[in-house]
$ cat coords02.pdb   # PDB, C-alpha atoms, pLDDT in the B column
MODEL        1
ATOM      1  CA  MET I  10     118.323  85.971 160.571  1.00 62.00           C
ATOM      2  CA  ILE I  11     122.018  85.341 159.950  1.00 66.00           C
ATOM      3  CA  ASP I  12     121.323  81.664 159.257  1.00 67.00           C
ATOM      4  CA  GLN I  13     118.737  82.600 156.639  1.00 69.00           C
ATOM      5  CA  LEU I  14     121.169  85.024 154.998  1.00 65.00           C
ATOM      6  CA  LEU I  15     123.896  82.373 154.903  1.00 63.00           C
ATOM      7  CA  THR I  16     121.437  79.883 153.401  1.00 71.00           C
ATOM      8  CA  LYS I  17     120.521  82.321 150.631  1.00 72.00           C
ATOM      9  CA  LEU I  18     124.171  83.071 149.925  1.00 70.00           C
ATOM     10  CA  ARG I  19     125.224  79.413 149.894  1.00 74.00           C
ATOM     11  CA  PRO I  20     124.765  78.914 146.101  1.00 74.00           C
ATOM     12  CA  TRP I  21     127.130  81.850 145.512  1.00 77.00           C
ATOM     13  CA  TRP I  22     130.025  80.526 147.581  1.00 78.00           C
ATOM     14  CA  PHE I  23     131.539  78.315 144.912  1.00 80.00           C
ATOM     15  CA  PRO I  24     131.372  80.966 142.116  1.00 80.00           C
ATOM     16  CA  ALA I  25     132.900  83.545 144.458  1.00 82.00           C
ATOM     17  CA  ILE I  26     135.747  81.226 145.448  1.00 85.00           C
ATOM     18  CA  ALA I  27     136.330  80.233 141.800  1.00 83.00           C
ATOM     19  CA  LEU I  28     136.505  83.905 140.733  1.00 82.00           C
ATOM     20  CA  ALA I  29     138.908  84.718 143.548  1.00 85.00           C
ATOM     21  CA  LEU I  30     141.193  81.837 142.594  1.00 84.00           C
ATOM     22  CA  PHE I  31     141.066  82.816 138.917  1.00 79.00           C
ATOM     23  CA  GLU I  32     141.866  86.425 139.824  1.00 78.00           C
ATOM     24  CA  ALA I  33     144.881  85.276 141.804  1.00 84.00           C
ATOM     25  CA  TYR I  34     146.053  82.966 139.010  1.00 79.00           C
ATOM     26  CA  ALA I  35     145.672  85.640 136.317  1.00 78.00           C
ATOM     27  CA  ARG I  36     147.687  88.120 138.392  1.00 81.00           C
ATOM     28  CA  THR I  37     150.503  85.673 139.193  1.00 80.00           C
ATOM     29  CA  VAL I  38     151.127  82.591 137.046  1.00 75.00           C
ATOM     30  CA  GLY I  39     149.123  83.841 134.051  1.00 71.00           C
ATOM     31  CA  LYS I  40     150.236  87.459 134.277  1.00 74.00           C
ATOM     32  CA  SER I  41     152.272  87.333 131.074  1.00 72.00           C
ATOM     33  CA  SER I  42     149.554  85.583 129.041  1.00 73.00           C
ATOM     34  CA  ASP I  43     147.796  87.429 126.217  1.00 71.00           C
ATOM     35  CA  ALA I  44     144.798  85.100 126.412  1.00 74.00           C
ATOM     36  CA  ILE I  45     143.953  85.319 130.135  1.00 78.00           C
ATOM     37  CA  ALA I  46     142.515  88.288 131.965  1.00 80.00           C
ATOM     38  CA  PRO I  47     141.525  88.566 135.637  1.00 83.00           C
ATOM     39  CA  PRO I  48     137.848  89.049 136.503  1.00 83.00           C
ATOM     40  CA  SER I  49     138.655  92.599 137.599  1.00 84.00           C
ATOM     41  CA  ALA I  50     139.716  93.384 134.013  1.00 84.00           C
ATOM     42  CA  ALA I  51     136.453  91.840 132.810  1.00 85.00           C
ATOM     43  CA  MET I  52     134.557  94.182 135.130  1.00 89.00           C
ATOM     44  CA  ARG I  53     136.395  97.161 133.646  1.00 89.00           C
ATOM     45  CA  GLY I  54     135.598  95.896 130.145  1.00 89.00           C
ATOM     46  CA  PHE I  55     131.949  95.485 131.119  1.00 88.00           C
ATOM     47  CA  ALA I  56     131.803  99.040 132.462  1.00 91.00           C
ATOM     48  CA  SER I  57     133.413 100.339 129.261  1.00 89.00           C
ATOM     49  CA  ALA I  58     130.927  98.485 127.028  1.00 89.00           C
ATOM     50  CA  LEU I  59     128.053  99.747 129.153  1.00 89.00           C
ATOM     51  CA  SER I  60     129.230 103.345 129.082  1.00 90.00           C
ATOM     52  CA  ASP I  61     129.718 103.496 125.305  1.00 88.00           C
ATOM     53  CA  GLY I  62     126.332 101.881 124.612  1.00 87.00           C
ATOM     54  CA  SER I  63     127.687  98.816 122.803  1.00 89.00           C
ATOM     55  CA  LEU I  64     126.489  96.466 125.548  1.00 92.00           C
ATOM     56  CA  LEU I  65     122.852  97.477 125.294  1.00 92.00           C
ATOM     57  CA  SER I  66     122.742  97.696 121.496  1.00 93.00           C
ATOM     58  CA  ALA I  67     124.413  94.322 120.966  1.00 93.00           C
ATOM     59  CA  THR I  68     122.233  92.676 123.604  1.00 94.00           C
ATOM     60  CA  ALA I  69     119.082  94.137 122.084  1.00 94.00           C
ATOM     61  CA  PHE I  70     120.012  92.855 118.624  1.00 95.00           C
ATOM     62  CA  THR I  71     120.785  89.330 119.822  1.00 94.00           C
ATOM     63  CA  LEU I  72     117.676  89.078 121.983  1.00 94.00           C
ATOM     64  CA  GLY I  73     115.507  90.539 119.231  1.00 94.00           C
ATOM     65  CA  SER I  74     116.779  88.021 116.694  1.00 93.00           C
ATOM     66  CA  ALA I  75     116.364  85.141 119.137  1.00 93.00           C
ATOM     67  CA  ALA I  76     112.851  86.258 120.120  1.00 93.00           C
ATOM     68  CA  LEU I  77     111.655  86.663 116.534  1.00 94.00           C
ATOM     69  CA  GLY I  78     113.078  83.300 115.532  1.00 94.00           C
ATOM     70  CA  LEU I  79     111.569  81.576 118.557  1.00 93.00           C
ATOM     71  CA  LEU I  80     108.182  83.211 117.973  1.00 93.00           C
ATOM     72  CA  LEU I  81     108.084  82.089 114.340  1.00 94.00           C
ATOM     73  CA  ALA I  82     109.220  78.592 115.294  1.00 93.00           C
ATOM     74  CA  ALA I  83     106.647  78.378 118.088  1.00 91.00           C
ATOM     75  CA  VAL I  84     103.729  79.405 115.858  1.00 92.00           C
ATOM     76  CA  LEU I  85     104.662  77.062 113.019  1.00 93.00           C
ATOM     77  CA  GLY I  86     105.951  74.239 115.233  1.00 91.00           C
ATOM     78  CA  ILE I  87     102.943  74.127 117.556  1.00 88.00           C
ATOM     79  CA  ALA I  88     100.481  74.318 114.662  1.00 88.00           C
ATOM     80  CA  ALA I  89     102.278  71.545 112.750  1.00 90.00           C
ATOM     81  CA  GLY I  90     102.700  69.463 115.905  1.00 88.00           C
ATOM     82  CA  MET I  91      98.991  69.664 116.676  1.00 85.00           C
ATOM     83  CA  ALA I  92      98.115  68.634 113.122  1.00 86.00           C
ATOM     84  CA  LEU I  93     100.494  65.671 113.167  1.00 88.00           C
ATOM     85  CA  GLY I  94      99.421  64.671 116.661  1.00 84.00           C
ATOM     86  CA  LEU I  95      95.772  64.549 115.658  1.00 80.00           C
ATOM     87  CA  SER I  96      96.349  62.774 112.333  1.00 82.00           C
ATOM     88  CA  PRO I  97      98.321  59.503 112.436  1.00 83.00           C
ATOM     89  CA  ARG I  98      98.197  59.387 108.629  1.00 88.00           C
ATOM     90  CA  ALA I  99      99.805  62.837 108.323  1.00 87.00           C
ATOM     91  CA  ALA I 100     102.428  61.809 110.882  1.00 86.00           C
ATOM     92  CA  ARG I 101     103.330  58.717 108.857  1.00 87.00           C
ATOM     93  CA  VAL I 102     103.502  60.652 105.589  1.00 87.00           C
ATOM     94  CA  SER I 103     105.711  63.392 107.043  1.00 86.00           C
ATOM     95  CA  PHE I 104     107.953  61.112 109.126  1.00 86.00           C
ATOM     96  CA  LEU I 105     110.655  60.720 106.472  1.00 87.00           C
ATOM     97  CA  SER I 106     110.782  64.422 105.623  1.00 86.00           C
ATOM     98  CA  ILE I 107     111.085  65.393 109.274  1.00 87.00           C
ATOM     99  CA  GLU I 108     113.835  62.873 109.946  1.00 89.00           C
ATOM    100  CA  VAL I 109     115.778  64.058 106.880  1.00 88.00           C
ATOM    101  CA  PHE I 110     115.639  67.785 107.626  1.00 88.00           C
ATOM    102  CA  ARG I 111     115.724  67.728 111.433  1.00 87.00           C
ATOM    103  CA  PRO I 112     119.370  66.569 111.804  1.00 88.00           C
ATOM    104  CA  ILE I 113     120.699  69.377 109.569  1.00 88.00           C
ATOM    105  CA  PRO I 114     122.867  71.621 111.804  1.00 89.00           C
ATOM    106  CA  SER I 115     121.338  75.079 111.881  1.00 88.00           C
ATOM    107  CA  VAL I 116     124.741  76.743 111.388  1.00 87.00           C
ATOM    108  CA  ALA I 117     125.116  74.808 108.123  1.00 89.00           C
ATOM    109  CA  LEU I 118     122.377  77.066 106.753  1.00 90.00           C
ATOM    110  CA  ILE I 119     124.431  80.226 107.283  1.00 90.00           C
ATOM    111  CA  PRO I 120     125.810  80.334 103.692  1.00 90.00           C
ATOM    112  CA  LEU I 121     122.315  79.826 102.245  1.00 90.00           C
ATOM    113  CA  ALA I 122     120.764  82.406 104.568  1.00 90.00           C
ATOM    114  CA  MET I 123     123.484  84.903 103.650  1.00 89.00           C
ATOM    115  CA  LEU I 124     122.731  84.429  99.947  1.00 89.00           C
ATOM    116  CA  VAL I 125     118.990  84.862 100.479  1.00 89.00           C
ATOM    117  CA  PHE I 126     118.888  87.598 103.137  1.00 88.00           C
ATOM    118  CA  GLY I 127     122.404  89.047 103.343  1.00 85.00           C
ATOM    119  CA  PHE I 128     123.773  90.137 106.710  1.00 88.00           C
ATOM    120  CA  GLY I 129     121.466  91.368 109.416  1.00 87.00           C
ATOM    121  CA  LEU I 130     118.336  90.543 111.346  1.00 88.00           C
ATOM    122  CA  ARG I 131     116.505  88.427 108.765  1.00 91.00           C
ATOM    123  CA  MET I 132     119.449  86.128 108.194  1.00 92.00           C
ATOM    124  CA  GLU I 133     119.926  85.516 111.909  1.00 93.00           C
ATOM    125  CA  PHE I 134     116.339  84.986 112.969  1.00 90.00           C
ATOM    126  CA  SER I 135     115.639  82.658 110.039  1.00 93.00           C
ATOM    127  CA  ILE I 136     118.410  80.332 111.248  1.00 94.00           C
ATOM    128  CA  VAL I 137     117.152  80.596 114.828  1.00 94.00           C
ATOM    129  CA  ALA I 138     113.644  79.725 113.637  1.00 94.00           C
ATOM    130  CA  PHE I 139     114.929  76.638 111.806  1.00 93.00           C
ATOM    131  CA  ALA I 140     116.792  75.443 114.901  1.00 93.00           C
ATOM    132  CA  CYS I 141     113.843  76.005 117.262  1.00 92.00           C
ATOM    133  CA  PHE I 142     111.155  74.656 114.921  1.00 93.00           C
ATOM    134  CA  TRP I 143     112.029  70.981 115.342  1.00 91.00           C
ATOM    135  CA  PRO I 144     111.866  70.706 119.152  1.00 89.00           C
ATOM    136  CA  MET I 145     108.645  72.738 119.156  1.00 90.00           C
ATOM    137  CA  LEU I 146     107.175  70.447 116.498  1.00 91.00           C
ATOM    138  CA  LEU I 147     108.187  67.155 118.095  1.00 89.00           C
ATOM    139  CA  LEU I 148     107.270  68.093 121.659  1.00 88.00           C
ATOM    140  CA  SER I 149     103.924  69.539 120.559  1.00 87.00           C
ATOM    141  CA  GLN I 150     103.159  66.406 118.557  1.00 87.00           C
ATOM    142  CA  ALA I 151     104.027  64.189 121.527  1.00 86.00           C
ATOM    143  CA  ALA I 152     101.884  66.322 123.849  1.00 84.00           C
ATOM    144  CA  VAL I 153      98.849  66.072 121.561  1.00 83.00           C
ATOM    145  CA  GLN I 154      99.274  62.315 121.249  1.00 82.00           C
ATOM    146  CA  GLN I 155      99.149  62.016 125.047  1.00 81.00           C
ATOM    147  CA  ILE I 156      95.823  63.827 125.398  1.00 77.00           C
ATOM    148  CA  GLU I 157      93.123  61.713 126.994  1.00 75.00           C
ATOM    149  CA  PRO I 158      91.177  60.229 124.028  1.00 74.00           C
ATOM    150  CA  ARG I 159      87.851  60.836 125.762  1.00 77.00           C
ATOM    151  CA  LEU I 160      88.450  64.595 125.626  1.00 73.00           C
ATOM    152  CA  LEU I 161      88.668  64.412 121.837  1.00 71.00           C
ATOM    153  CA  GLU I 162      85.586  62.188 121.725  1.00 74.00           C
ATOM    154  CA  VAL I 163      83.669  64.790 123.735  1.00 71.00           C
ATOM    155  CA  SER I 164      84.712  67.510 121.278  1.00 71.00           C
ATOM    156  CA  ARG I 165      83.428  65.410 118.375  1.00 73.00           C
ATOM    157  CA  VAL I 166      80.143  64.683 120.174  1.00 72.00           C
ATOM    158  CA  LEU I 167      79.667  68.396 120.824  1.00 72.00           C
ATOM    159  CA  GLY I 168      80.296  69.099 117.154  1.00 71.00           C
ATOM    160  CA  LEU I 169      83.144  71.514 117.755  1.00 70.00           C
ATOM    161  CA  SER I 170      84.907  72.883 114.718  1.00 71.00           C
ATOM    162  CA  PRO I 171      88.676  72.239 114.357  1.00 70.00           C
ATOM    163  CA  ARG I 172      89.377  75.775 115.563  1.00 74.00           C
ATOM    164  CA  GLN I 173      87.114  75.406 118.596  1.00 73.00           C
ATOM    165  CA  ARG I 174      88.629  72.004 119.368  1.00 75.00           C
ATOM    166  CA  ALA I 175      92.122  73.504 119.251  1.00 73.00           C
ATOM    167  CA  TYR I 176      91.341  76.443 121.557  1.00 72.00           C
ATOM    168  CA  LYS I 177      88.949  74.756 123.992  1.00 73.00           C
ATOM    169  CA  ILE I 178      90.327  71.217 124.237  1.00 75.00           C
ATOM    170  CA  ILE I 179      93.801  70.735 122.815  1.00 77.00           C
ATOM    171  CA  LEU I 180      95.687  73.871 123.873  1.00 76.00           C
ATOM    172  CA  PRO I 181      94.542  73.798 127.537  1.00 76.00           C
ATOM    173  CA  ALA I 182      95.455  70.097 127.703  1.00 77.00           C
ATOM    174  CA  ILE I 183      98.972  70.501 126.306  1.00 79.00           C
ATOM    175  CA  THR I 184      99.908  73.874 127.842  1.00 78.00           C
ATOM    176  CA  PRO I 185     102.103  72.412 130.641  1.00 76.00           C
ATOM    177  CA  ARG I 186     104.072  70.377 128.095  1.00 79.00           C
ATOM    178  CA  LEU I 187     104.332  73.363 125.770  1.00 81.00           C
ATOM    179  CA  PHE I 188     106.277  75.222 128.435  1.00 80.00           C
ATOM    180  CA  VAL I 189     108.846  72.433 128.414  1.00 80.00           C
ATOM    181  CA  ALA I 190     109.209  73.034 124.676  1.00 82.00           C
ATOM    182  CA  LEU I 191     109.359  76.789 125.276  1.00 84.00           C
ATOM    183  CA  ARG I 192     112.173  76.519 127.818  1.00 82.00           C
ATOM    184  CA  LEU I 193     114.131  74.281 125.462  1.00 84.00           C
ATOM    185  CA  GLY I 194     113.449  76.661 122.576  1.00 87.00           C
ATOM    186  CA  VAL I 195     114.623  79.694 124.576  1.00 88.00           C
ATOM    187  CA  ALA I 196     117.979  78.044 125.274  1.00 86.00           C
ATOM    188  CA  VAL I 197     118.388  76.909 121.668  1.00 90.00           C
ATOM    189  CA  ALA I 198     117.442  80.349 120.311  1.00 93.00           C
ATOM    190  CA  LEU I 199     120.082  82.193 122.339  1.00 92.00           C
ATOM    191  CA  VAL I 200     122.817  79.647 121.589  1.00 92.00           C
ATOM    192  CA  VAL I 201     122.122  79.681 117.847  1.00 93.00           C
ATOM    193  CA  ALA I 202     121.854  83.491 117.685  1.00 94.00           C
ATOM    194  CA  VAL I 203     125.233  83.973 119.380  1.00 94.00           C
ATOM    195  CA  THR I 204     126.788  81.241 117.230  1.00 93.00           C
ATOM    196  CA  VAL I 205     125.576  82.899 114.022  1.00 93.00           C
ATOM    197  CA  GLU I 206     127.042  86.211 115.195  1.00 93.00           C
ATOM    198  CA  ILE I 207     130.377  84.607 115.994  1.00 92.00           C
ATOM    199  CA  ALA I 208     130.500  82.799 112.652  1.00 88.00           C
ATOM    200  CA  ALA I 209     129.109  85.315 110.180  1.00 87.00           C
ATOM    201  CA  ASN I 210     126.751  88.095 111.245  1.00 86.00           C
ATOM    202  CA  PRO I 211     128.547  91.371 112.140  1.00 90.00           C
ATOM    203  CA  TYR I 212     126.035  92.321 114.833  1.00 90.00           C
ATOM    204  CA  GLY I 213     125.128  91.329 118.362  1.00 92.00           C
ATOM    205  CA  MET I 214     126.871  89.927 121.418  1.00 94.00           C
ATOM    206  CA  GLY I 215     128.675  87.114 119.620  1.00 93.00           C
ATOM    207  CA  TYR I 216     130.239  89.523 117.127  1.00 93.00           C
ATOM    208  CA  ALA I 217     131.250  91.902 119.919  1.00 93.00           C
ATOM    209  CA  MET I 218     133.016  89.062 121.699  1.00 92.00           C
ATOM    210  CA  MET I 219     134.853  88.121 118.486  1.00 92.00           C
ATOM    211  CA  ILE I 220     135.965  91.735 117.973  1.00 92.00           C
ATOM    212  CA  ALA I 221     137.344  91.792 121.511  1.00 90.00           C
ATOM    213  CA  GLN I 222     139.240  88.562 120.845  1.00 87.00           C
ATOM    214  CA  GLN I 223     140.664  89.841 117.564  1.00 87.00           C
ATOM    215  CA  SER I 224     141.683  93.097 119.267  1.00 87.00           C
ATOM    216  CA  LEU I 225     143.676  91.077 121.835  1.00 84.00           C
ATOM    217  CA  ASN I 226     141.469  92.394 124.634  1.00 87.00           C
ATOM    218  CA  PRO I 227     140.842  89.299 126.779  1.00 87.00           C
ATOM    219  CA  GLY I 228     139.273  91.354 129.559  1.00 88.00           C
ATOM    220  CA  LEU I 229     136.520  92.641 127.298  1.00 90.00           C
ATOM    221  CA  MET I 230     136.117  89.213 125.700  1.00 91.00           C
ATOM    222  CA  LEU I 231     135.648  87.636 129.128  1.00 90.00           C
ATOM    223  CA  ALA I 232     133.175  90.386 130.021  1.00 92.00           C
ATOM    224  CA  TRP I 233     131.057  89.539 126.984  1.00 93.00           C
ATOM    225  CA  LEU I 234     131.247  85.822 127.768  1.00 91.00           C
ATOM    226  CA  ILE I 235     130.069  86.361 131.332  1.00 90.00           C
ATOM    227  CA  TRP I 236     127.351  88.745 130.178  1.00 93.00           C
ATOM    228  CA  ILE I 237     126.022  86.202 127.672  1.00 93.00           C
ATOM    229  CA  SER I 238     125.813  83.608 130.439  1.00 91.00           C
ATOM    230  CA  VAL I 239     124.007  86.091 132.717  1.00 92.00           C
ATOM    231  CA  VAL I 240     121.502  86.917 129.959  1.00 92.00           C
ATOM    232  CA  GLY I 241     120.895  83.221 129.330  1.00 90.00           C
ATOM    233  CA  PHE I 242     120.357  82.577 133.032  1.00 89.00           C
ATOM    234  CA  ALA I 243     117.918  85.488 133.301  1.00 91.00           C
ATOM    235  CA  ILE I 244     115.908  84.341 130.289  1.00 89.00           C
ATOM    236  CA  ASN I 245     115.695  80.764 131.544  1.00 86.00           C
ATOM    237  CA  TYR I 246     114.699  81.985 135.017  1.00 86.00           C
ATOM    238  CA  GLY I 247     111.995  84.187 133.511  1.00 86.00           C
ATOM    239  CA  ALA I 248     110.634  81.298 131.448  1.00 82.00           C
ATOM    240  CA  LEU I 249     110.551  79.087 134.552  1.00 82.00           C
ATOM    241  CA  LYS I 250     108.702  81.751 136.550  1.00 83.00           C
ATOM    242  CA  LEU I 251     106.210  82.211 133.716  1.00 80.00           C
ATOM    243  CA  GLU I 252     105.638  78.459 133.593  1.00 76.00           C
ATOM    244  CA  ARG I 253     104.912  78.362 137.327  1.00 79.00           C
ATOM    245  CA  MET I 254     102.564  81.350 137.099  1.00 79.00           C
ATOM    246  CA  VAL I 255     100.579  79.782 134.263  1.00 71.00           C
ATOM    247  CA  ALA I 256     100.450  76.421 136.056  1.00 68.00           C
ATOM    248  CA  LYS I 257      99.213  78.144 139.210  1.00 71.00           C
ATOM    249  CA  ALA I 258      96.578  80.104 137.283  1.00 67.00           C
ATOM    250  CA  MET I 259      95.374  76.946 135.535  1.00 60.00           C
ATOM    251  CA  GLY I 260      95.211  75.127 138.884  1.00 59.00           C
ATOM    252  CA  GLN I 261      93.093  77.905 140.390  1.00 58.00           C
ATOM    253  CA  ALA I 262      90.820  77.968 137.333  1.00 54.00           C
ATOM    254  CA  ALA I 263      90.322  74.208 137.592  1.00 51.00           C
TER
ENDMDL
END

$ encode --input "coords02.pdb" --output "structure tokens"
Amino acid sequence: MIDQLLTKLRPWWFPAIALALFEAYARTVGKSSDAIAPPSAAMRGFASALSDGSLLSATAFTLGSAALGLLLAAVLGIAAGMALGLSPRAARVSFLSIEVFRPIPSVALIPLAMLVFGFGLRMEFSIVAFACFWPMLLLSQAAVQQIEPRLLEVSRVLGLSPRQRAYKIILPAITPRLFVALRLGVAVALVVAVTVEIAANPYGMGYAMMIAQQSLNPGLMLAWLIWISVVGFAINYGALKLERMVAKAMGQAA
């Protein structure tokens, strides 16, 4: 029983030791620094943000923006990827356009998005959608191109319409690979959303962290940084669990 408990706690040993060492450093050598705060101060800042409601409201805004952007990117990216994967001619025609627009840094679109949408939700999720669209497109296209050709031949022999072919043949065949794209898109969406808030948008977790930094409150700033990492870990863990559940369900159905 004790051995099992120690095994489960083993991944937490290094973070616990690192936090203890950082706490000791911040209270001794770095005590006079205005930029360093001990983890205990971060815990107090976290409790303060939770009690005044700013933690939940900022988190909800960031996650909402990231989710909307990822959803839009997934719908458009998967649809475009399927079309390009099924049509070599369309892939050749669109190759140059994709390679020109894909390398544009998403944060470079902040000035344009601010002119079009102003501050707020629409500006943020449009930039998130742009950033997530390209990996969804490319991974979906690659997944469709790797489908067994005989499956597509069977769909043509059966006379399936393009819609029936997509739902009955293509999507079930590429679902495992789509979850790879989804996990990548989830990480990109959160990173871009927080970056937009730090750079321009006066809402969300990134903006709250910047306000703490500008207020010379390193404890609260560290609390927001740790909270963002915890949220990212939880989202990635949830996506991984969902992927395993869908894979298990598909295996049982097969």

$ atom_distance --input "coords02.pdb" --atom1 "CA of Ala29 in chain I" --atom2 "CA of Asn226 in chain I"
20.6 Å

$ closest_residue --input "coords02.pdb" --among "I:Ser57, I:Gly94, I:Ile113, I:Ser224" --to "Pro158 in chain I" --atoms "all atoms listed in the file"
I:Gly94

$ residues_around --input "coords02.pdb" --residues "range 199-212 of chain I" --least-positions-apart "5" --cutoff "7 Å" --atoms "only C-alpha atoms" --output "mmCIF file with C-alpha atoms, in the coordinates of the input"
data_model
loop_
_atom_site.group_PDB
_atom_site.id
_atom_site.type_symbol
_atom_site.label_atom_id
_atom_site.label_comp_id
_atom_site.auth_asym_id
_atom_site.auth_seq_id
_atom_site.Cartn_x
_atom_site.Cartn_y
_atom_site.Cartn_z
ATOM 1 C CA ALA I 67 124.413 94.322 120.966
ATOM 2 C CA THR I 71 120.785 89.330 119.822
ATOM 3 C CA SER I 74 116.779 88.021 116.694
ATOM 4 C CA ALA I 75 116.364 85.141 119.137
ATOM 5 C CA VAL I 116 124.741 76.743 111.388
ATOM 6 C CA PHE I 128 123.773 90.137 106.710
ATOM 7 C CA GLY I 129 121.466 91.368 109.416
ATOM 8 C CA GLU I 133 119.926 85.516 111.909
ATOM 9 C CA VAL I 137 117.152 80.596 114.828
ATOM 10 C CA MET I 219 134.853 88.121 118.486
#

$ closest_residue --input "coords02.pdb" --among "I:Gln150, I:Thr184, I:Ser135, I:Ser66" --to "Leu81 in chain I" --atoms "only C-alpha atoms"
I:Ser135

$ closest_residue --input "coords02.pdb" --among "I:Leu148, I:Ala89, I:Arg174, I:Phe23" --to "Leu191 in chain I" --atoms "only C-alpha atoms"
I:Leu148

$ resolve_selection --input "coords02.pdb" --expression "the PyMOL selection byres ((chain I and resi 237) around 9)" --output "PyMOL selection string"
chain I and resi 68+199+203+214-215+232-236+238-242

$ residues_around --input "coords02.pdb" --residues "Arg131 in chain I" --least-positions-apart "5" --cutoff "10 Å" --atoms "only C-alpha atoms" --output "JSON list (two decimals) with C-alpha atoms, keeping the file's coordinate frame"
[["chain", "number", "residue", "atom", "x", "y", "z"],
["I", 74, "SER", "CA", 116.78, 88.02, 116.69],
["I", 77, "LEU", "CA", 111.66, 86.66, 116.53],
["I", 78, "GLY", "CA", 113.08, 83.30, 115.53],
["I", 122, "ALA", "CA", 120.76, 82.41, 104.57],
["I", 123, "MET", "CA", 123.48, 84.90, 103.65],
["I", 125, "VAL", "CA", 118.99, 84.86, 100.48],
["I", 126, "PHE", "CA", 118.89, 87.60, 103.14],
["I", 136, "ILE", "CA", 118.41, 80.33, 111.25],
["I", 137, "VAL", "CA", 117.15, 80.60, 114.83]]

$ atom_distance --input "coords02.pdb" --atom1 "CA of Ile183 in chain I" --atom2 "CA of Gln155 in chain I"
8.6 Å

$ residues_near_point --input "coords02.pdb" --point "(99.1, 69.6, 115.2)" --cutoff "12 Å" --atoms "all atoms listed in the file" --output "ChimeraX atom specification"
/I:83-97,99-100,145-154,171-172,174-175,179-180,183

$ resolve_selection --input "coords02.pdb" --expression "the PyMOL selection byres ((chain I and resi 227) around 9)" --output "short mmCIF file (atom, residue, chain, number, x, y, z; two decimals) with C-alpha atoms, keeping the file's coordinate frame"
data_model
loop_
_atom_site.label_atom_id
_atom_site.label_comp_id
_atom_site.auth_asym_id
_atom_site.auth_seq_id
_atom_site.Cartn_x
_atom_site.Cartn_y
_atom_site.Cartn_z
CA ASP I 43 147.80 87.43 126.22
CA ALA I 44 144.80 85.10 126.41
CA ILE I 45 143.95 85.32 130.14
CA ALA I 46 142.51 88.29 131.96
CA PRO I 47 141.52 88.57 135.64
CA ALA I 50 139.72 93.38 134.01
CA ALA I 51 136.45 91.84 132.81
CA ALA I 221 137.34 91.79 121.51
CA GLN I 222 139.24 88.56 120.84
CA SER I 224 141.68 93.10 119.27
CA LEU I 225 143.68 91.08 121.84
CA ASN I 226 141.47 92.39 124.63
CA GLY I 228 139.27 91.35 129.56
CA LEU I 229 136.52 92.64 127.30
CA MET I 230 136.12 89.21 125.70
CA LEU I 231 135.65 87.64 129.13
CA ALA I 232 133.18 90.39 130.02
#

$ atom_distance --input "coords02.pdb" --atom1 "CA of Cys141 in chain I" --atom2 "CA of Leu79 in chain I"
6.2 Å

$ closest_residue --input "coords02.pdb" --among "I:Glu108, I:Pro185, I:Ala198, I:Ala190" --to "Ala138 in chain I" --atoms "only C-alpha atoms"
I:Ala198
